[in-house]
Number of protein chains: 6
Amino acid sequence: MPERPAATVRLVEESEATGRVAAIFADIRATKGIDAVPNFWRALATSADHLELMWSRLKAIMHPEAEGRTGRLDPLTREIIALAVSATNGCAYCVNSHTAAVLRLGLDVEALGEVMAIIALFHSTNAIAEGYQVVPDILPPT
Amino acid sequence: MPERPAATVRLVEESEATGRVAAIFADIRATKGIDAVPNFWRALATSADHLELMWSRLKAIMHPEAEGRTGRLDPLTREIIALAVSATNGCAYCVNSHTAAVLRLGLDVEALGEVMAIIALFHSTNAIAEGYQVVPDILPPT
Amino acid sequence: MPERPAATVRLVEESEATGRVAAIFADIRATKGIDAVPNFWRALATSADHLELMWSRLKAIMHPEAEGRTGRLDPLTREIIALAVSATNGCAYCVNSHTAAVLRLGLDVEALGEVMAIIALFHSTNAIAEGYQVVPDILPPT
Amino acid sequence: MPERPAATVRLVEESEATGRVAAIFADIRATKGIDAVPNFWRALATSADHLELMWSRLKAIMHPEAEGRTGRLDPLTREIIALAVSATNGCAYCVNSHTAAVLRLGLDVEALGEVMAIIALFHSTNAIAEGYQVVPDILPPT
Amino acid sequence: MPERPAATVRLVEESEATGRVAAIFADIRATKGIDAVPNFWRALATSADHLELMWSRLKAIMHPEAEGRTGRLDPLTREIIALAVSATNGCAYCVNSHTAAVLRLGLDVEALGEVMAIIALFHSTNAIAEGYQVVPDILPPT
Amino acid sequence: MPERPAATVRLVEESEATGRVAAIFADIRATKGIDAVPNFWRALATSADHLELMWSRLKAIMHPEAEGRTGRLDPLTREIIALAVSATNGCAYCVNSHTAAVLRLGLDVEALGEVMAIIALFHSTNAIAEGYQVVPDILPPT
């Protein structure tokens with residue numbers, strides 16, 4: 001059986017990063033409290049500009065405390081949203097990464113099962129609503 | 001300009017529902033504390049079997065208290081997941097319905113903005129992960 | 001409340017079609033046994049080449065009898081597949097069009113409910129399989 | 001080249017299942033006439049409640065005969081719908097599983113090619129309809 | 001027939017915008033050379049932080065000249081990508097907005113037809129590749 | 001860790017192809033200037049009719065020069081659209097294949113980063129537009 005091919009670009013090694021890329025890699029490790037830069041950021045690092053744009057945005061939204069601000073949602077809820085989006089999109093890398101995050105933030109496997117059940121339930125209702133083209137009737141017009 | 005067509009099936013009127021369908025309509029109103037049965041359920045009611053299957057499952061997952069059980073997630077978090085799935089799927093009816101629900105459960109427009117920002121952010125990262133076919137590296141193999 | 005905007009291109013009127021476009025419009029009406037060319041084909045007609053490519057392909061796959069060939073699936077099953085794809089993609093035009101087709105081919109509203117229930121069910125299982133990243137284990141390697 | 005990671009949760013072994021989970025595992029094997037419980041159900045079994053909800057729903061919709069009821073669609077058509085949804089969603093596990101099912105129910109590789117051609121065709125038309133935002137015009141308003 | 005409901009949040013009027021929101025609205029009008037702030041940005045303005053994050057990122061990527069930088073792709077190619085993503089996602093607002101942009105940048109209706117034909121073609125091939133779970137074989141491993 | 005399963009059908013070997021399939025395989029190699037027939041076409045070859053339909057359409061749209069016609073878009077822009085669609089759909093085979101194509105046509109890794117940034121950006125805006133159900137306001141009604 002064939003194996004899954006690697007990424008379509010050569011990932012930037014942490015040891016070869018310099019300048020702006022090295023600084024962002026260091027900020028990723030520090031902000032997330034991890035030892036290695038995940039593959040996602042090493043792929044993005046093939047374009048320093050776009051690495052910076054993506055990291056600065058993710059940091060602002062997912063790590064507001066690191067910038068002295070407070071989000072309205074708690075960190076676990078934020079990661080649950082990320083997992084719901086990723087499972088809905090069927091993104092393997094993203095499901096892997098955000099499942100790791102929700103488990104690290106204290107969700108256990110049983111509660112993860114409830115998250116999955118809710119995600120799955122609303123895929124059903126979404127398909128029914130689209131399949132019958134039901135017209136919105138709940139939220140009053142703004 | 002043309003208007004959006006109605007649903008592809010004739011919605012069952014509450015006044016014409018009898019037997020099992022009438023009982024489920026009554027349970028929907030009571031469990032959700034609403035006065036009118038939403039269009040979604042009136043479309044599903046064209047098939048009593050499938051109305052029952054969908055409602056019993058939604059009730060078990062989203063209204064466990066109504067069945068004397070307790071979910072692991074709180075009601076607002078459950079509805080935020082529903083909204084994240086619906087926005088990701090681009091389901092107009094569902095976005096309308098679950099936005100109404102999160103607002104009713106106390107989320108304000110500013111916090112809704114944070115939910116949307118998180119949803120949008122992870123659509124970005126999902127697209128990057130897929131676009132480069134980045135290989136999962138975070139969660140250790142189970 | 002604002003109305004839904006019309007298509008992003010001006011639809012070609014049947015009365016203004018000439019040459020190749022007029023011939024394809026006539027073939028669409030004859031092959032499908034309808035009196036008016038649906039909006040979909042009138043939008044495509046803004047590019048005669050691509051109208052021809054799409055119609056010749058759709059005719060070959062969905063109306064093989066019109067070309068003296070026989071498909072392996074019956075017409076209703078073909079349209080049910082089209083509806084399942086369209087509901088999954090959430091395409092309003094397509095759901096409307098293929099629901100009309102399955103009803104015309106004899107499916108009643110109760111059986112349409114079963115189609116929807118199956119579509120909705122497998123959206124659930126798809127989301128669970130993606131959400132846990134379950135590894136395929138059923139079909140033996142080819 | 002890296003390998004594909006396993007599921008994000010440890011699958012429940014058939015030998016370690018007890019109580020309700022063991023009973024559902026037995027029902028899955030009996031209803032489907034298979035010797036081993038597929039990975040999908042072993043992942044779901046990390047939450048007994050949600051395993052039960054999903055299995056009871058799938059059984060009701062896909063194996064109505066096992067419950068003394070008759071569906072309106074035949075088993076092959078049901079599985080073809082499942083395959084169409086799964087291919088549209090790009091769910092690897094699901095495509096693998098439902099392809100196995102349609103082959104087991106008698107579809108040969110040539111007819112599978114027709115199913116794929118129909119699925120692919122309507123992805124094209126869906127994209128055109130969305131890309132031009134064509135307004136529905138076929139089904140009369142209900 | 002029912003009308004399409006308005007957005008789920010009340011759009012911020014240009015006349016009521018103050019401070020940071022007013023400044024961003026002015027920058028949107030100036031950078032894009034338009035007279036009115038589109039609904040998209042007026043919806044985002046319900047959360048000033050997230051309006052700023054999204055606009056600053058869109059400006060950096062789509063209007064690099066406004067920041068004294070040069071993108072690698074020309075403006076029309078950038079908008080064609082935006083349209084391809086939007087048609088693929090089936091996002092009505094986005095298709096409307098990016099079709100307006102490509103037409104403004106000089107694409108005519110015939111060439112738009114070619115864009116649509118390419119988008120539609122690769123939806124077909126994507127569905128086939130997913131439907132058969134074809135293993136990548138072209139790009140050499142990195 | 002388990003490996004990724006192979007395709008769901010046995011791929012047709014180039015050496016075993018005869019008649020129409022062999023002729024199409026030869027045309028694919030000649031038109032694309034490659035030595036081996038990609039897996040995608042070898043899977044499609046399990047149904048000669050559908051192989052022919054798909055190849056003739058792809059050739060007409062992506063290789064018009066081979067048929068003595070000229071497309072309105074240049075070959076690199078066409079492949080960028082294909083990549084945008086494939087990344088949006090999360091199709092691994094397709095991302096791999098079209099990334100190879102854009103690199104072969106001269107895009108470098110830095111410019112590929114810009115393509116990805118644009119794709120990712122518009123996934124964000126699409127999610128916001130869907131998440132708030134913003135009503136189209138830009139293109140004037142046709």
# chains A, B, ... in the order shown; residues from 1 in each chain; ligands from 1
$ residues_around --residues "B:Val102" --least-positions-apart "2" --cutoff "10 Å" --atoms "only C-alpha atoms" --output "ChimeraX atom specification"
/B:75-80,82-83,97-100,104-109,112
$ interface_residues --of "chain A" --to "chain C" --cutoff "9 Å" --atoms "only C-alpha atoms" --output "PyMOL selection string"
chain A and resi 1+83-84+86-92+95-96+99+116-117+119-133+141-142
$ atom_distance --atom1 "atom CA of B:Ala6" --atom2 "atom CA of B:Leu51"
19.7 Å
$ atom_distance --atom1 "atom CA of C:Asp27" --atom2 "atom CA of F:Thr70"
26.7 Å
$ atom_distance --atom1 "atom CA of A:Thr18" --atom2 "atom CA of A:Thr46"
12.0 Å
$ select_by_dssp --residues "stretch 2-136 of chain B" --states "alpha helix (DSSP H)" --output "ChimeraX atom specification"
/B:19-32,39-44,48-62,75-89,92-104,109-131
$ write_last_selection --atoms "C-alpha atoms" --output "short mmCIF file (atom, residue, chain, number, x, y, z; two decimals), in the first residue's frame"
data_model
loop_
_atom_site.label_atom_id
_atom_site.label_comp_id
_atom_site.auth_asym_id
_atom_site.auth_seq_id
_atom_site.Cartn_x
_atom_site.Cartn_y
_atom_site.Cartn_z
CA GLY B 19 -51.42 11.66 15.98
CA ARG B 20 -47.67 11.17 16.25
CA VAL B 21 -46.83 14.37 14.38
CA ALA B 22 -49.08 16.47 16.63
CA ALA B 23 -47.48 14.91 19.71
CA ILE B 24 -43.97 15.69 18.47
CA PHE B 25 -44.98 19.24 17.57
CA ALA B 26 -46.28 19.66 21.13
CA ASP B 27 -43.05 18.24 22.56
CA ILE B 28 -40.96 20.61 20.41
CA ARG B 29 -42.95 23.61 21.67
CA ALA B 30 -42.74 22.46 25.30
CA THR B 31 -39.07 21.42 25.30
CA LYS B 32 -37.89 24.57 23.57
CA ASN B 39 -40.28 25.61 9.55
CA PHE B 40 -37.52 23.00 9.81
CA TRP B 41 -39.70 20.62 11.80
CA ARG B 42 -42.76 21.37 9.65
CA ALA B 43 -40.76 20.29 6.57
CA LEU B 44 -39.54 17.14 8.29
CA ALA B 48 -43.54 11.14 10.41
CA ASP B 49 -40.90 8.42 10.90
CA HIS B 50 -38.04 10.70 10.06
CA LEU B 51 -39.47 13.60 12.06
CA GLU B 52 -39.49 11.30 15.08
CA LEU B 53 -35.96 10.01 14.48
CA MET B 54 -34.52 13.51 14.13
CA TRP B 55 -36.41 15.07 17.01
CA SER B 56 -35.63 12.24 19.44
CA ARG B 57 -31.94 12.53 18.60
CA LEU B 58 -31.82 16.32 18.79
CA LYS B 59 -33.70 16.24 22.08
CA ALA B 60 -31.31 13.67 23.56
CA ILE B 61 -28.21 15.65 22.56
CA MET B 62 -29.37 19.25 22.98
CA PRO B 75 -26.25 24.87 26.65
CA LEU B 76 -24.46 27.96 25.30
CA THR B 77 -21.37 25.98 24.30
CA ARG B 78 -23.59 23.44 22.57
CA GLU B 79 -25.29 26.16 20.53
CA ILE B 80 -21.93 27.80 19.71
CA ILE B 81 -20.82 24.46 18.23
CA ALA B 82 -24.06 24.34 16.22
CA LEU B 83 -23.41 27.84 14.93
CA ALA B 84 -19.79 27.02 14.02
CA VAL B 85 -20.92 23.96 12.04
CA SER B 86 -23.71 25.93 10.34
CA ALA B 87 -21.53 28.88 9.36
CA THR B 88 -18.89 26.46 8.04
CA ASN B 89 -21.51 24.67 5.98
CA ALA B 92 -28.71 30.01 5.91
CA TYR B 93 -31.59 28.50 7.85
CA CYS B 94 -29.22 27.00 10.42
CA VAL B 95 -27.15 30.17 10.90
CA ASN B 96 -30.37 32.10 11.45
CA SER B 97 -31.70 29.58 13.94
CA HIS B 98 -28.52 29.07 15.97
CA THR B 99 -27.71 32.79 16.06
CA ALA B 100 -31.14 33.31 17.59
CA ALA B 101 -30.31 30.58 20.13
CA VAL B 102 -26.92 31.94 21.23
CA LEU B 103 -28.37 35.45 21.60
CA ARG B 104 -31.25 34.06 23.67
CA VAL B 109 -23.18 40.97 19.60
CA GLU B 110 -19.59 41.75 20.57
CA ALA B 111 -18.97 38.18 21.76
CA LEU B 112 -20.74 36.87 18.66
CA GLY B 113 -18.09 38.83 16.76
CA GLU B 114 -15.41 36.85 18.58
CA VAL B 115 -17.14 33.58 17.68
CA MET B 116 -17.19 34.66 14.02
CA ALA B 117 -13.54 35.74 14.14
CA ILE B 118 -12.53 32.32 15.50
CA ILE B 119 -14.62 30.51 12.89
CA ALA B 120 -13.11 32.65 10.12
CA LEU B 121 -9.57 32.23 11.45
CA PHE B 122 -9.75 28.47 11.35
CA HIS B 123 -11.17 28.47 7.88
CA SER B 124 -7.93 30.21 6.98
CA THR B 125 -5.72 27.71 8.75
CA ASN B 126 -7.75 24.79 7.38
CA ALA B 127 -7.26 26.11 3.84
CA ILE B 128 -3.52 26.51 4.39
CA ALA B 129 -3.18 23.02 5.88
CA GLU B 130 -5.08 21.54 2.96
CA GLY B 131 -3.41 23.79 0.41
#
